[in-house]
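> Dropping in model_1.txt, with compact mmCIF, C-alpha atoms and all ligand atoms.
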# COMPACT_ATOMS: atom_id res chain seq x y z
CA MET A 163 51.16 136.13 232.92
CA VAL A 164 54.85 135.56 233.61
CA VAL A 165 57.24 137.67 235.66
CA ALA A 166 60.86 136.66 235.09
CA LYS A 167 63.79 137.64 237.22
CA PHE A 168 67.35 137.35 235.97
CA GLY A 169 70.07 137.14 238.60
CA GLY A 170 73.56 138.62 238.55
CA SER A 171 75.27 135.60 237.01
CA SER A 172 72.77 135.75 234.11
CA LEU A 173 73.82 139.36 233.56
CA ALA A 174 77.58 139.15 234.03
CA GLY A 175 78.61 140.61 230.66
CA ALA A 176 77.41 141.79 227.23
CA ARG A 177 77.08 138.22 225.95
CA GLU A 178 74.82 137.35 228.88
CA TYR A 179 72.60 140.42 228.34
CA LYS A 180 72.16 139.32 224.71
CA ARG A 181 71.25 135.86 225.83
CA VAL A 182 68.74 137.21 228.33
CA ALA A 183 67.21 139.44 225.64
CA ASP A 184 66.82 136.37 223.38
CA ILE A 185 65.12 134.40 226.17
CA VAL A 186 62.75 137.27 226.92
CA ARG A 187 61.86 137.69 223.23
CA LYS A 188 61.50 133.99 222.56
CA ASN A 189 59.25 133.42 225.57
CA LYS A 190 57.40 136.73 225.12
CA ILE A 191 57.98 137.58 228.79
CA PRO A 192 56.15 140.83 229.55
CA ILE A 193 57.66 141.77 232.93
CA VAL A 194 61.35 141.38 233.69
CA VAL A 195 63.09 142.08 236.99
CA VAL A 196 66.87 142.29 237.01
CA SER A 197 69.83 142.12 239.36
CA ALA A 198 73.02 144.12 238.96
CA PRO A 199 75.75 142.47 236.90
CA GLY A 200 77.27 139.64 238.92
CA GLY A 201 79.72 136.87 238.20
CA LYS A 202 83.15 136.73 239.81
CA VAL A 203 83.06 140.42 240.70
CA LYS A 204 79.66 141.77 241.64
CA ILE A 205 78.81 145.35 240.79
CA THR A 206 76.92 145.52 244.10
CA ASP A 207 80.14 144.74 246.00
CA LEU A 208 82.02 147.42 244.05
CA LEU A 209 79.31 149.99 244.81
CA ILE A 210 79.48 149.05 248.49
CA ALA A 211 83.25 149.53 248.39
CA ALA A 212 82.85 152.88 246.62
CA VAL A 213 80.37 154.28 249.09
CA SER A 214 82.36 152.96 252.07
CA ARG A 215 85.46 154.71 250.74
CA TRP A 216 83.46 157.93 250.34
CA ARG A 217 82.37 157.68 253.97
CA ARG A 218 85.96 157.44 255.13
CA SER A 219 87.54 160.02 252.86
CA GLY A 220 84.68 162.17 251.57
CA LYS A 221 85.63 161.25 247.98
CA VAL A 222 84.80 158.38 245.67
CA ASP A 223 87.89 156.30 245.12
CA GLY A 224 88.96 156.66 241.47
CA GLU A 225 90.10 153.08 241.12
CA ILE A 226 86.91 151.55 242.50
CA PHE A 227 84.66 153.77 240.47
CA ASP A 228 86.73 153.09 237.35
CA ALA A 229 86.14 149.37 237.90
CA ILE A 230 82.38 150.03 238.05
CA SER A 231 82.45 152.26 234.93
CA ASP A 232 84.68 149.88 232.94
CA ARG A 233 82.39 146.98 233.69
CA PHE A 234 79.21 148.81 232.67
CA ILE A 235 80.84 150.24 229.54
CA ALA A 236 82.10 146.77 228.56
CA ILE A 237 78.51 145.51 228.87
CA ALA A 238 76.72 148.44 227.25
CA ARG A 239 79.00 149.29 224.30
CA PRO A 240 78.62 146.01 222.36
CA LEU A 241 74.87 146.31 222.91
CA GLY A 242 74.82 149.81 221.43
CA VAL A 243 73.72 151.44 224.69
CA ARG A 244 75.34 154.61 226.10
CA VAL A 245 75.84 154.69 229.83
CA ASP A 246 78.32 157.56 230.37
CA THR A 247 75.71 160.04 231.61
CA TYR A 248 74.26 157.52 234.05
CA LEU A 249 77.74 156.71 235.36
CA ALA A 250 78.62 160.40 235.77
CA ASP A 251 75.35 160.94 237.65
CA ILE A 252 76.05 158.01 239.98
CA LYS A 253 79.56 159.24 240.74
CA ALA A 254 78.30 162.78 241.38
CA ALA A 255 75.52 161.44 243.62
CA ILE A 256 77.97 159.45 245.75
CA ASN A 257 80.29 162.44 246.01
CA ALA A 258 77.34 164.58 247.05
CA GLY A 259 76.58 162.15 249.89
CA CYS A 260 73.54 160.44 248.39
CA GLY A 261 73.77 157.72 251.04
CA TYR A 262 74.45 154.02 251.09
CA ASP A 263 71.12 152.63 249.90
CA TYR A 264 70.79 154.98 246.96
CA ALA A 265 74.38 154.38 245.83
CA VAL A 266 74.22 150.59 246.11
CA SER A 267 70.86 150.42 244.34
CA ARG A 268 72.40 151.97 241.22
CA GLY A 269 73.73 148.59 240.06
CA GLU A 270 70.20 147.26 239.54
CA TYR A 271 69.00 150.64 238.23
CA LEU A 272 71.57 150.79 235.45
CA SER A 273 71.23 147.09 234.68
CA ALA A 274 67.48 147.58 234.11
CA ARG A 275 68.11 150.71 232.02
CA ILE A 276 70.45 148.73 229.74
CA LEU A 277 68.15 145.73 229.29
CA ALA A 278 65.08 147.95 228.73
CA GLU A 279 66.91 149.79 225.95
CA VAL A 280 68.16 146.56 224.34
CA MET A 281 64.65 145.08 224.45
CA GLY A 282 62.74 148.21 223.52
CA TYR A 283 60.77 147.69 226.77
CA SER A 284 59.66 150.44 229.16
CA PHE A 285 61.89 151.08 232.13
CA VAL A 286 59.82 151.13 235.32
CA ASP A 287 61.76 152.33 238.34
CA ALA A 288 61.33 150.26 241.51
CA LYS A 289 61.14 153.65 243.23
CA GLU A 290 57.73 154.07 241.63
CA CYS A 291 56.30 150.59 241.75
CA ILE A 292 57.76 148.95 244.86
CA LYS A 293 56.73 151.04 247.82
CA LEU A 294 57.89 149.95 251.24
CA THR A 295 56.23 150.50 254.59
CA ALA A 296 58.18 152.35 257.31
CA SER A 297 59.37 148.97 258.60
CA GLY A 298 60.67 148.01 255.15
CA ALA A 299 57.92 145.54 254.17
CA ILE A 300 56.79 145.53 250.54
CA ASP A 301 53.40 147.12 249.96
CA MET A 302 51.82 144.75 247.47
CA ARG A 303 49.03 147.19 246.59
CA SER A 304 51.57 149.71 245.26
CA ILE A 305 52.84 147.10 242.82
CA ARG A 306 49.35 146.20 241.65
CA ALA A 307 48.37 149.83 241.24
CA HIS A 308 51.50 150.91 239.42
CA ILE A 309 52.42 147.99 237.19
CA GLY A 310 48.78 147.27 236.46
CA ALA A 311 48.66 150.77 234.93
CA VAL A 312 51.79 150.23 232.79
CA LYS A 313 50.28 148.52 229.82
CA ALA A 314 53.58 147.96 227.99
CA PRO A 315 56.19 145.24 228.59
CA CYS A 316 58.70 146.52 231.09
CA VAL A 317 61.99 145.98 232.91
CA ILE A 318 62.14 146.72 236.64
CA PRO A 319 65.30 146.94 238.75
CA GLY A 320 65.27 144.52 241.69
CA PHE A 321 66.75 144.88 245.18
CA TYR A 322 65.22 148.21 246.25
CA GLY A 323 62.03 150.14 246.85
CA LYS A 324 60.90 153.48 248.19
CA LEU A 325 60.16 154.35 251.83
CA PRO A 326 57.11 156.50 252.71
CA GLY A 327 59.34 159.63 253.00
CA GLY A 328 60.64 159.10 249.45
CA ALA A 329 64.10 157.69 250.24
CA ILE A 330 65.34 154.59 248.46
CA LYS A 331 65.78 151.54 250.66
CA LEU A 332 67.64 148.36 249.78
CA LEU A 333 66.15 144.94 250.35
CA PRO A 334 68.42 142.29 251.90
CA ARG A 335 71.33 140.94 249.82
CA GLY A 336 70.01 138.71 247.07
CA GLY A 337 66.83 140.79 247.30
CA SER A 338 66.10 141.03 243.57
CA ASP A 339 64.50 137.65 244.06
CA LEU A 340 62.24 139.24 246.65
CA SER A 341 61.35 142.05 244.21
CA GLY A 342 60.59 139.54 241.43
CA ALA A 343 58.51 137.32 243.70
CA ALA A 344 56.61 140.32 245.09
CA VAL A 345 55.76 141.56 241.59
CA ALA A 346 54.62 138.08 240.55
CA ALA A 347 52.60 137.56 243.73
CA ALA A 348 50.96 140.99 243.48
CA LEU A 349 49.94 140.39 239.87
CA ASN A 350 48.92 136.75 240.33
CA ALA A 351 51.52 135.84 237.78
CA GLN A 352 53.81 132.84 237.45
CA TYR A 353 57.30 133.62 238.67
CA GLN A 354 60.35 132.46 236.77
CA LYS A 355 63.70 132.73 238.44
CA TRP A 356 66.46 132.52 235.83
CA THR A 357 69.84 131.61 237.24
CA ASP A 358 72.90 129.52 236.43
CA VAL A 359 71.78 126.07 237.58
CA ASP A 360 69.36 123.63 235.93
CA GLY A 361 66.95 123.64 238.85
CA ILE A 362 66.83 122.07 242.27
CA PHE A 363 68.76 118.84 242.46
CA ASP A 364 67.74 115.74 244.27
CA GLY A 365 70.06 113.71 246.43
CA HIS A 366 71.13 111.67 243.41
CA GLY A 367 72.22 114.58 241.23
CA GLY A 368 69.09 114.76 239.04
CA VAL A 369 66.89 117.82 238.64
CA MET A 370 63.53 117.59 240.37
CA GLN A 371 60.69 118.67 238.14
CA ASN A 372 58.26 119.52 240.93
CA ILE A 373 58.58 120.23 244.59
CA SER A 374 56.15 121.75 247.03
CA TYR A 375 56.48 125.09 248.81
CA ASP A 376 56.99 123.20 252.06
CA GLU A 377 59.86 121.19 250.68
CA ALA A 378 61.44 124.31 249.21
CA GLU A 379 61.05 126.07 252.55
CA LEU A 380 62.85 123.20 254.20
CA LEU A 381 65.68 123.54 251.70
CA CYS A 382 65.94 127.26 252.39
CA TYR A 383 66.02 126.48 256.10
CA PHE A 384 69.05 124.30 255.47
CA GLY A 385 70.84 127.06 253.65
CA ALA A 386 69.93 126.44 250.03
CA THR A 387 70.39 129.74 248.25
CA VAL A 388 68.63 128.87 245.04
CA VAL A 389 65.45 130.44 246.38
CA HIS A 390 65.13 133.36 248.75
CA TYR A 391 63.22 132.31 251.88
CA GLU A 392 61.05 135.42 252.09
CA ALA A 393 60.40 135.25 248.35
CA MET A 394 59.16 131.70 248.77
CA LYS A 395 56.81 132.75 251.54
CA LEU A 396 55.35 135.57 249.43
CA LEU A 397 54.69 133.21 246.54
CA LYS A 398 53.26 130.53 248.76
CA ASN A 399 50.81 132.99 250.34
CA ALA A 400 49.72 134.19 246.91
CA GLY A 401 49.56 130.63 245.54
CA ALA A 402 51.87 131.71 242.69
CA SER A 403 54.18 129.06 241.27
CA LEU A 404 57.92 129.53 240.95
CA THR A 405 60.04 127.94 238.25
CA VAL A 406 63.81 127.83 238.65
CA LYS A 407 65.32 128.00 235.15
CA ASN A 408 68.83 128.00 233.77
CA THR A 409 69.76 130.98 231.56
CA PHE A 410 72.54 128.89 230.06
CA SER A 411 70.79 125.62 229.25
CA ASP A 412 67.52 124.25 227.94
CA SER A 413 66.76 122.31 231.11
CA CYS A 414 63.05 122.38 231.94
CA GLY A 415 63.87 123.50 235.48
CA THR A 416 62.10 122.90 238.77
CA VAL A 417 58.57 124.08 239.45
CA ILE A 418 57.78 124.93 243.06
CA SER A 419 54.07 124.94 243.72
CA LYS A 420 51.44 123.50 246.00
CA LYS A 421 51.93 120.12 244.41
CA ARG A 422 53.88 117.74 246.55
CA HIS A 423 56.41 115.35 245.13
CA ASP A 424 55.35 111.74 245.46
CA GLY A 425 57.11 109.51 247.96
CA TRP A 426 58.13 112.51 249.94
CA ALA A 427 60.72 111.12 252.28
CA PHE A 428 63.03 108.25 252.64
CA SER A 429 66.34 107.77 254.33
CA SER A 430 69.53 107.38 252.39
CA LYS A 431 71.47 104.18 252.68
CA ASN A 432 74.13 106.00 254.68
CA MET A 433 71.73 105.97 257.54
CA TYR A 434 71.78 102.27 257.98
CA LEU A 435 74.42 102.21 260.64
CA GLY A 436 74.63 99.29 262.97
CA GLY A 437 73.71 99.61 266.61
CA ASN A 438 77.34 99.42 267.68
CA GLU A 439 78.72 101.67 265.00
CA ALA A 440 81.00 104.62 265.76
CA ALA A 441 79.68 108.01 266.71
CA ASN A 442 79.25 111.12 264.53
CA HIS A 443 78.00 109.53 261.42
CA GLU A 444 77.17 111.97 258.66
CA ALA A 445 74.02 111.02 256.87
CA GLU A 446 71.13 112.59 255.12
CA ILE A 447 67.45 112.27 254.69
CA LEU A 448 66.04 112.48 251.25
CA GLY A 449 62.58 113.92 251.04
CA GLY A 450 61.08 113.72 247.58
CA GLY A 451 64.67 113.61 246.46
CA LEU A 452 65.79 116.44 248.71
CA LYS A 453 69.09 115.95 250.42
CA ILE A 454 69.12 117.21 253.96
CA PRO A 455 72.29 116.97 256.02
CA LEU A 456 71.89 115.16 259.24
CA ARG A 457 74.25 114.30 262.04
CA ILE A 458 73.71 111.06 263.81
CA GLU A 459 75.62 110.20 266.91
CA ALA A 460 75.69 106.69 268.16
CA LEU A 461 75.54 107.09 271.89
CA GLY A 462 76.29 103.52 272.64
CA ASN A 463 74.72 100.30 271.76
CA LYS A 464 71.27 100.72 270.26
CA LYS A 465 70.90 104.43 270.83
CA ILE A 466 71.21 107.34 268.43
CA LEU A 467 70.97 111.07 268.70
CA ILE A 468 69.78 112.95 265.69
CA ASP A 469 70.71 116.53 266.05
CA GLY A 470 69.78 119.81 264.42
CA CYS A 471 67.83 118.22 261.66
CA GLY A 472 64.55 118.74 259.95
CA PHE A 473 62.68 116.00 258.22
CA SER A 474 59.31 114.72 257.30
CA PRO A 475 57.29 112.36 259.44
CA LEU A 476 58.01 109.55 257.05
CA ALA A 477 61.73 110.12 257.29
CA LEU A 478 61.51 110.13 261.05
CA LYS A 479 59.63 106.88 260.90
CA ARG A 480 62.45 105.42 258.87
CA ILE A 481 64.99 106.43 261.46
CA LEU A 482 62.97 104.97 264.24
CA CYS A 483 62.63 101.75 262.33
CA TYR A 484 66.30 101.47 261.86
CA ASP A 485 67.58 98.14 262.90
CA GLY A 486 69.10 97.88 266.32
CA ILE A 487 68.09 101.31 267.59
CA ASP A 488 66.30 101.41 270.89
CA GLU A 489 66.25 105.09 271.69
CA VAL A 490 66.13 108.16 269.52
CA THR A 491 66.43 111.74 270.67
CA VAL A 492 65.37 114.33 268.17
CA THR A 493 66.43 117.82 269.16
CA ALA A 494 64.86 119.64 266.25
CA ALA A 495 62.03 118.57 264.09
CA ILE A 496 60.33 120.34 261.25
CA GLY A 497 56.91 119.25 260.19
CA ASN A 498 54.21 117.45 262.04
CA ILE A 499 54.89 114.12 263.53
CA PRO A 500 51.76 112.07 263.09
CA SER A 501 50.45 110.44 266.21
CA ASP A 502 49.70 107.19 264.41
CA PHE A 503 53.27 106.02 264.27
CA MET A 504 54.23 106.89 267.80
CA PRO A 505 52.32 104.85 270.27
CA GLN A 506 51.31 107.36 272.93
CA ASN A 507 52.58 105.27 275.78
CA ARG A 508 56.05 105.33 274.27
CA LEU A 509 56.36 109.06 273.83
CA VAL A 510 58.48 109.95 276.81
CA ALA A 511 58.78 113.71 276.47
CA LEU A 512 57.78 116.28 273.94
CA ASP A 513 58.67 119.89 274.50
CA SER A 514 59.66 122.75 272.20
CA GLY A 515 60.29 120.54 269.22
CA SER A 516 62.20 117.97 271.17
CA ILE A 517 61.12 114.38 271.23
CA PHE A 518 62.46 111.57 273.23
CA TYR A 519 61.14 108.30 272.08
CA ASN A 520 61.61 104.73 273.13
CA ARG A 521 60.92 102.54 270.22
CA VAL A 522 59.21 99.22 270.27
CA ARG A 523 60.36 97.76 267.03
CA ASP A 524 57.57 95.40 266.26
CA LYS A 525 54.94 98.10 266.60
CA LEU A 526 56.33 99.99 263.64
CA THR A 527 56.27 98.96 260.04
CA LEU A 528 58.70 100.02 257.40
CA THR A 529 57.19 101.79 254.43
N1 LIG A 601 72.73 142.76 243.53
C1 LIG A 601 72.23 142.41 244.84
C2 LIG A 601 73.19 141.46 245.52
O1 LIG A 601 74.25 141.19 245.00
C3 LIG A 601 70.84 141.87 244.81
C4 LIG A 601 70.61 140.67 243.95
O2 LIG A 601 71.43 140.31 243.11
O3 LIG A 601 69.57 140.05 244.14
O4 LIG A 601 72.92 141.04 246.61
Could you rewrite the structure in this file as structure tokens?
Ligand code: ASP


Amino acid sequence: MVVAKFGGSSLAGAREYKRVADIVRKNKIPIVVVSAPGGKVKITDLLIAAVSRWRRSGKVDGEIFDAISDRFIAIARPLGVRVDTYLADIKAAINAGCGYDYAVSRGEYLSARILAEVMGYSFVDAKECIKLTASGAIDMRSIRAHIGAVKAPCVIPGFYGKLPGGAIKLLPRGGSDLSGAAVAAALNAQYQKWTDVDGIFDGHGGVMQNISYDEAELLCYFGATVVHYEAMKLLKNAGASLTVKNTFSDSCGTVISKKRHDGWAFSSKNMYLGGNEAANHEAEILGGGLKIPLRIEALGNKKILIDGCGFSPLALKRILCYDGIDEVTVTAAIGNIPSDFMPQNRLVALDSGSIFYNRVRDKLTLT
């Protein structure tokens, strides 16, 4: 089974909703999770502005709410969907003090209502199927119990769930990805994340077809936004694969799964600085094609400091084998450093992820 999530840029206007509907039909996707309309102006940001204004003045600002209404009407009208009653209800709810989370969640709610109507799918409110614990964690059993019982294809709004007391609670920004991943993980389904890029790019500008959860986690750690970190963890724990797909192209995308990319790490040629070269060299390590920023400081002849970086053992080995380097200080390391390439007697200090290593060149071999 496939659970597909479409992000805000895939749902920016009427044309995009049509495109999404075509993709869902063509691929016979049974469960769809949606974001609020995004693009240059995000509906979520407008809702935040509207509710903030209400807090200050006790009234929804006409101009802000008009921008929200105009946007939804411009999306819904060409699709033959009527949204005026929903919009009036949202405005009335904000004016009645419905609260921040409820108000901001309405972008996803209405987005799902529109797509469900266009598709002829059931609308399943996240309020029913994504229950949250008091601390805000997603209760996976609630998803299994509820969606398992909905036998028809459905559209679910992302980005929110329901607290034990019944109140709506938002997930973190970008949280529709978390909703989609949670639904996929709970149902043992494959997760497709449809967005506006062809997949995850390697350091040479090509799309990687496969990367492992660990590599994707590393990318998230370095600020890649293409996958939500928590979403990745959920999928990894469930062993559910994630495919990053482009709504606007036929690219085959990137599959993130247990399978590790071959040749997982190697240093880029930028790293080959000479022992006497100037300080603060920007470089990167490529792991299975991943591009990870790395700052290397030459501390003097034959000494480098590699700071704030994460890399695989193989990449580290490459650095240590770099010509003319006698000492390497690593102040942050991600991944296990295998004992076999660091002769024990040369490991000077190892504490809280920090390694100070004196290299004996001829004991190491380049791979
Ligand atoms: N609409 C929400 C946001 O802009 C959630 C999402 O798109 O995932 O953060």

> Just checking: using only C-alpha atoms, which residue out of A:Lys324, A:Val194, A:Tyr264, A:Ser172 ends up closest to A:Glu290?

A:Lys324

> Give as a list in words the residues surrounding ligand LIG 601 (chain A) up to a distance of 6 Å, considering only C-alpha atoms and all ligand atoms.

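The neighbouring residues of ligand LIG 601 (chain A) are, in order, Gly169, Gly170, Ser197, Ala198, Thr206, Phe321, Arg335, Gly336, Gly337, Ser338 and Asp339 of chain A.
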
> Of the candidates A:Gly175, A:Ala166, A:Gly261, A:Val243, which one gets nearest to A:Ala212 if we count all atoms listed in the file?

A:Gly261

> Determine, counting only C-alpha atoms, every residue of protein, DNA or RNA that lies within 9 Å of (78.9, 161.9, 251.9) in the file coordinates, then give the result as a list in words.

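Counting only C-alpha atoms, I find these residues within 9 Å of (78.9, 161.9, 251.9): Val213, Trp216, Arg217, Arg218, Ser219, Gly220, Lys221, Ala255, Ile256, Asn257, Ala258, Gly259, Cys260 and Gly261 of chain A.
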
> Filtering to C-alpha atoms, could you give me those residues as a compact mmCIF listing (two decimals), keeping the file's coordinate frame?


# COMPACT_ATOMS: atom_id res chain seq x y z
CA VAL A 213 80.37 154.28 249.09
CA TRP A 216 83.46 157.93 250.34
CA ARG A 217 82.37 157.68 253.97
CA ARG A 218 85.96 157.44 255.13
CA SER A 219 87.54 160.02 252.86
CA GLY A 220 84.68 162.17 251.57
CA LYS A 221 85.63 161.25 247.98
CA ALA A 255 75.52 161.44 243.62
CA ILE A 256 77.97 159.45 245.75
CA ASN A 257 80.29 162.44 246.01
CA ALA A 258 77.34 164.58 247.05
CA GLY A 259 76.58 162.15 249.89
CA CYS A 260 73.54 160.44 248.39
CA GLY A 261 73.77 157.72 251.04

> Report as a list in words all protein, DNA and RNA residues lying within 6 Å of stretch 305-319 of chain A, evaluated on only C-alpha atoms, omitting residues in the same chain fewer than 2 positions from it.

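Everything that qualifies: Pro192, Ile193, Val194, Val195, Val196, Glu270, Tyr271, Ala274, Ala278, Tyr283, Ser284, Phe285, Val286, Asp287, Ala288, Cys291, Ile292, Met302, Arg303 and Ala348 of chain A.
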
> Need the shell around A:Ile226: protein/DNA/RNA residues with any atom at most 9 Å away, counting all atoms listed in the file. Skip same-chain ones fewer than 6 positions apart. Format as a list in words?

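Non-adjacent residues within range: Leu208, Leu209, Ala211, Ala212 and Arg215 of chain A.
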
> Enter the distance from atom CA of A:Gly224 to atom CA of A:Thr247, in Å, rounded to one decimal.

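Distance reported for this atom pair: 16.9 Å.
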
> Give me the residues within 12 Å of A:Tyr248 as a ChimeraX atom specification, counting only C-alpha atoms and dropping any in the same chain fewer than 4 places off.

/A:230-231,234-235,238,243-244,252-255,268-269,271-273,275-276

> For A:Ala183, which residue among A:Ser304, A:Pro199, A:Val280, A:Ser267 is the nearest when counting only C-alpha atoms?

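Counting only C-alpha atoms, the residue closest to A:Ala183 is A:Val280.
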
> Can you measure atom CA of A:Gly342 to atom CA of A:Ser411 for me? One decimal in Å is fine.

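So the two atoms, atom CA of A:Gly342 and atom CA of A:Ser411, lie 21.1 Å apart.
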
> In Å to one decimal, how far is atom CA of A:Ala236 from atom CA of A:Ser214?

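Taking atom CA of A:Ser214 as the start and atom CA of A:Ala236 as the end point, the length is 24.3 Å.
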
> Select, from A:Val369, A:Val245, A:Gly320, A:Phe168, the residue with the minimum atom-to-atom distance to A:Val345, counting all atoms listed in the file.

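Going through A:Val369, A:Val245, A:Gly320, A:Phe168 one by one, the smallest distance to A:Val345 is for A:Gly320.
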
> Ranking A:Lys180, A:Val186, A:Lys167, A:His390 by minimum distance to A:Ala346 and counting all atoms listed in the file, which one comes first?

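Using all atoms listed in the file, the shortest distance to A:Ala346 belongs to A:Lys167.
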
> Using only C-alpha atoms, which of A:Asp301, A:Val266, A:Arg177, A:Ile237 sits nearest A:Ile205?

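Among the listed residues, the smallest separation from A:Ile205 belongs to A:Val266.
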
> Set the distance at 7 Å and use all atoms listed in the file: which residues neighbour A:Gly201 once local chain neighbours fewer than 3 positions away are removed? I'd like the list as a count of residues only.

4
